[in-house]
Amino acid sequence: MPKLSDIVPKVRSKNAGPFWLTVDVFCGDPATFARVAAALDTAAVAALYGQPAGLVKRFDIPELNVVKFSFPRPVVQGSADDRDMHGAQWAHLLAEAQVA
Amino acid sequence: MPTRVLVPSGVLGLGFDRAALARGVAMRPDIIAIDGGSTDSGPYSLGAGVSKYARAATKSEWAELMAARRAAGVPLVIGTAGTCGADATVDWMAAITAEIAAETGERLRVARLYSGQPPARVAAALAGGRLRPLMPAPAVTAEGLHAMTNIVALAGAEQVQAALATGAEIVIAGRTTDTAIIAALPLARREHPGACWHGAKIAECGALCSTNPTSGVIVVDFDTAGFTVAPMAEGAACTPQSVSAHMLYENADPFLLHEPGGHLDVRGARYVALDDRRVRVEGSCWVPGPYTVKLEGARVAGYQTTILAVLRDPRYVARARDWVARLSAFLAETIARRMGLAPPEYRLEFRLIGVEAALGALENRTGAPVEVGVLGIVTAASQTTATEIGKLINPFVLHYPLTDDEELPTFAFPYSPATTDRGALYEFALNHVMHLDDPMEAFRLEVAEVGPAVANAEAL
């Protein structure tokens, strides 16, 4: 199975305020969007980031060919446990996930 | 009558395209609005009450915007002045403004909008059931509120409008929502409220909503039906895709945006290309609600000392995790024996750069790095203790062996001393909204004239 980053142009993550993280999967075209939207399992994405699936908000946006996930930051921004102040490196966990 | 807002860039201090700014000024905007900060760099700015950007960068860009304001003859507004929008950074920005005015000989009326919250006010709101936690919110007590070094409330359009109503040529606002400084004037002029907030959200990062994100400057025209956005840089374009995609950026929900006094719903928005560089948006909806302002607060969570060693010895590189586990156990025992301290009185953590430094326990890949950086972070209740622990562990981070029966290794320290005192570690301590009866009850407005009084009298 390919990695998500092998089939989509871009996966981006960023803080959405100090307490939330948001991950955008830019699929590029409708066919890829349909494939990715079907292949990405919200519970599996939640597990990747160590979050309960119930806290993950998912937005499938066909107009932009984007699948977006938002969830509480695995650790609060800037706390002693935080390793990534801007939250941008977390994208690679999803980018490297295998998709059908 | 449409209201034209010129946004020079996403934040003061990052630079903008000068030719594009001149083009924007030539379009005769009604106001120039720029953001001065965000929480994006972390809690330090708010905790310490200082700007993250260099004073020199801020001053030179602000001087250019003040000149643009003079040329356009319209108000200039900065929101979240000095990165965090605390009272101290509003004063910092006001001092820079006065300095520039003195240098250029310009006499100006400057309004300062203060967003700082006395802990007692927030504690009273907590006691009165007027403080509501968002998800996820840290636990809050009156005592905890008094221990915070800075608390700010995010002003909305009403407070910025009050500042503009003073007749000020320059408004230096403390913490505001990113959108409020852009939405304030068009809302005051009764443009379409959904369009005012939506256009402001699209414009808040400057040209990030265009195909040339770093060019900075954009112009938004608001009217009673919608808004039109256009980039000012040569060759830059706004497309329905670039504009609508901006709703994704740093937004947990790309369709709903909460602001003081209601929320924006853009699910019905239609994005249409007017030509090859301008986009027209209609159909966004403002939904009025209770008047609440979001709070941000920061407190000291300890003091830190760090140490960095680099492992290049291939045997240690290959077994870096084992080495750190063994070193950590030894150091815990040594710190207990020599200093009488045990967690949680202090905290000592090693992050392995090249192995798991960015993702920690979530990292699911392994590789074969050439070298491994070992970043040790000590956190303690005082800098004295953190520094002392740093010195205590220093020789062991340098020499600790992987097994008992081998010659002591010596790793690479990149500098001397090997330890670095980081000072206070701040943390965000509020994710709450506070209910207000009157938008101005938690904000303070001051107006002053700056610049040479004599020159002004002569001009009169």
# chains A, B, ... in the order shown; residues from 1 in each chain; ligands from 1
>>> select_by_dssp(residues="chain A", states="strand (DSSP E)", output="list of chain:residue names")
A:Lys10, A:Val11, A:Arg12, A:Ser13, A:Lys14, A:Asn15, A:Trp20, A:Leu21, A:Thr22, A:Val23, A:Asp24, A:Val25, A:Phe26, A:Lys57, A:Arg58, A:Phe59, A:Asp60, A:Ile61, A:Val66, A:Val67, A:Lys68, A:Phe69, A:Ser70, A:Phe71, A:Pro72
>>> write_last_selection(atoms="C-alpha atoms", output="PDB file, in the first residue's frame")
ATOM      1  CA  LYS A  10       0.348  18.094   0.305  1.00  0.00           C
ATOM      2  CA  VAL A  11      -0.396  17.248   3.921  1.00  0.00           C
ATOM      3  CA  ARG A  12      -0.136  20.205   6.303  1.00  0.00           C
ATOM      4  CA  SER A  13      -0.579  20.564  10.060  1.00  0.00           C
ATOM      5  CA  LYS A  14      -0.697  23.699  12.169  1.00  0.00           C
ATOM      6  CA  ASN A  15      -1.877  24.919  15.535  1.00  0.00           C
ATOM      7  CA  TRP A  20      -5.989  22.516  18.988  1.00  0.00           C
ATOM      8  CA  LEU A  21      -4.184  21.036  16.042  1.00  0.00           C
ATOM      9  CA  THR A  22      -5.555  20.895  12.517  1.00  0.00           C
ATOM     10  CA  VAL A  23      -4.315  18.655   9.705  1.00  0.00           C
ATOM     11  CA  ASP A  24      -5.248  19.415   6.083  1.00  0.00           C
ATOM     12  CA  VAL A  25      -4.907  16.782   3.369  1.00  0.00           C
ATOM     13  CA  PHE A  26      -4.834  18.487  -0.041  1.00  0.00           C
ATOM     14  CA  LYS A  57     -13.597  16.705  13.964  1.00  0.00           C
ATOM     15  CA  ARG A  58     -13.505  15.692  10.328  1.00  0.00           C
ATOM     16  CA  PHE A  59     -14.407  17.814   7.325  1.00  0.00           C
ATOM     17  CA  ASP A  60     -14.594  16.331   3.828  1.00  0.00           C
ATOM     18  CA  ILE A  61     -14.586  19.345   1.484  1.00  0.00           C
ATOM     19  CA  VAL A  66      -9.481  18.580   0.976  1.00  0.00           C
ATOM     20  CA  VAL A  67      -9.977  16.261   3.934  1.00  0.00           C
ATOM     21  CA  LYS A  68      -9.408  18.110   7.192  1.00  0.00           C
ATOM     22  CA  PHE A  69      -9.001  16.757  10.724  1.00  0.00           C
ATOM     23  CA  SER A  70      -9.014  18.888  13.869  1.00  0.00           C
ATOM     24  CA  PHE A  71      -8.456  17.624  17.398  1.00  0.00           C
ATOM     25  CA  PRO A  72      -7.106  18.788  20.747  1.00  0.00           C
TER      26      PRO A  72
END
>>> closest_atom_pairs(of="chain B", to="chain A", cutoff="8 Å", atoms="only C-alpha atoms", output="JSON lines")
{"residue": "B:Thr39", "atom": "CA", "partner": "A:Gly17", "partner_atom": "CA", "distance": 6.7}
{"residue": "B:Asp40", "atom": "CA", "partner": "A:His86", "partner_atom": "CA", "distance": 6.2}
{"residue": "B:Ser41", "atom": "CA", "partner": "A:Met85", "partner_atom": "CA", "distance": 6.5}
{"residue": "B:Gly42", "atom": "CA", "partner": "A:Gly78", "partner_atom": "CA", "distance": 5.3}
{"residue": "B:Pro43", "atom": "CA", "partner": "A:Gly78", "partner_atom": "CA", "distance": 6.0}
{"residue": "B:Pro136", "atom": "CA", "partner": "A:Phe19", "partner_atom": "CA", "distance": 6.8}
{"residue": "B:Gln241", "atom": "CA", "partner": "A:Leu64", "partner_atom": "CA", "distance": 6.8}
{"residue": "B:Ser244", "atom": "CA", "partner": "A:Leu64", "partner_atom": "CA", "distance": 7.9}
{"residue": "B:Ala245", "atom": "CA", "partner": "A:Leu64", "partner_atom": "CA", "distance": 6.8}
{"residue": "B:Leu248", "atom": "CA", "partner": "A:Asp24", "partner_atom": "CA", "distance": 7.4}
{"residue": "B:Tyr249", "atom": "CA", "partner": "A:Lys14", "partner_atom": "CA", "distance": 7.8}
{"residue": "B:Glu250", "atom": "CA", "partner": "A:Ala16", "partner_atom": "CA", "distance": 4.3}
{"residue": "B:Asn251", "atom": "CA", "partner": "A:Ala16", "partner_atom": "CA", "distance": 5.1}
{"residue": "B:Ala252", "atom": "CA", "partner": "A:Ser70", "partner_atom": "CA", "distance": 5.3}
{"residue": "B:Asp253", "atom": "CA", "partner": "A:Ser70", "partner_atom": "CA", "distance": 7.5}
{"residue": "B:Ala301", "atom": "CA", "partner": "A:Ala80", "partner_atom": "CA", "distance": 8.0}
{"residue": "B:Ala357", "atom": "CA", "partner": "A:Arg83", "partner_atom": "CA", "distance": 6.9}
{"residue": "B:Ala358", "atom": "CA", "partner": "A:Arg83", "partner_atom": "CA", "distance": 5.4}
{"residue": "B:Leu359", "atom": "CA", "partner": "A:Arg83", "partner_atom": "CA", "distance": 6.8}
{"residue": "B:Gly360", "atom": "CA", "partner": "A:Arg83", "partner_atom": "CA", "distance": 7.5}
{"residue": "B:Leu362", "atom": "CA", "partner": "A:Tyr49", "partner_atom": "CA", "distance": 6.7}
{"residue": "B:Glu363", "atom": "CA", "partner": "A:Leu93", "partner_atom": "CA", "distance": 7.6}
{"residue": "B:Asn364", "atom": "CA", "partner": "A:Leu93", "partner_atom": "CA", "distance": 7.9}
{"residue": "B:Leu425", "atom": "CA", "partner": "A:Ala80", "partner_atom": "CA", "distance": 7.6}
{"residue": "B:Tyr426", "atom": "CA", "partner": "A:Ser79", "partner_atom": "CA", "distance": 7.4}
{"residue": "B:Glu427", "atom": "CA", "partner": "A:Ser79", "partner_atom": "CA", "distance": 5.3}
{"residue": "B:Phe428", "atom": "CA", "partner": "A:Gly78", "partner_atom": "CA", "distance": 7.4}
{"residue": "B:Asn431", "atom": "CA", "partner": "A:Phe19", "partner_atom": "CA", "distance": 7.8}
>>> residues_around(residues="Val281 in chain B", least_positions_apart="4", cutoff="6 Å", atoms="only C-alpha atoms", output="PyMOL selection string")
chain B and resi 226-227+270-271
>>> select_by_dssp(residues="range 21-84 of chain A", states="alpha helix (DSSP H)", output="PyMOL selection string")
chain A and resi 30-39+42-48
>>> residues_around(residues="range 402-412 of chain B", least_positions_apart="2", cutoff="12 Å", atoms="only C-alpha atoms", output="MDAnalysis selection string")
chainID B and resid 307:328 330 371:374 394:400 414:416 418
>>> closest_residue(among="B:Ala102, B:Ala207, B:Ile335, B:Ala68", to="Met232 in chain B", atoms="only C-alpha atoms")
B:Ala207
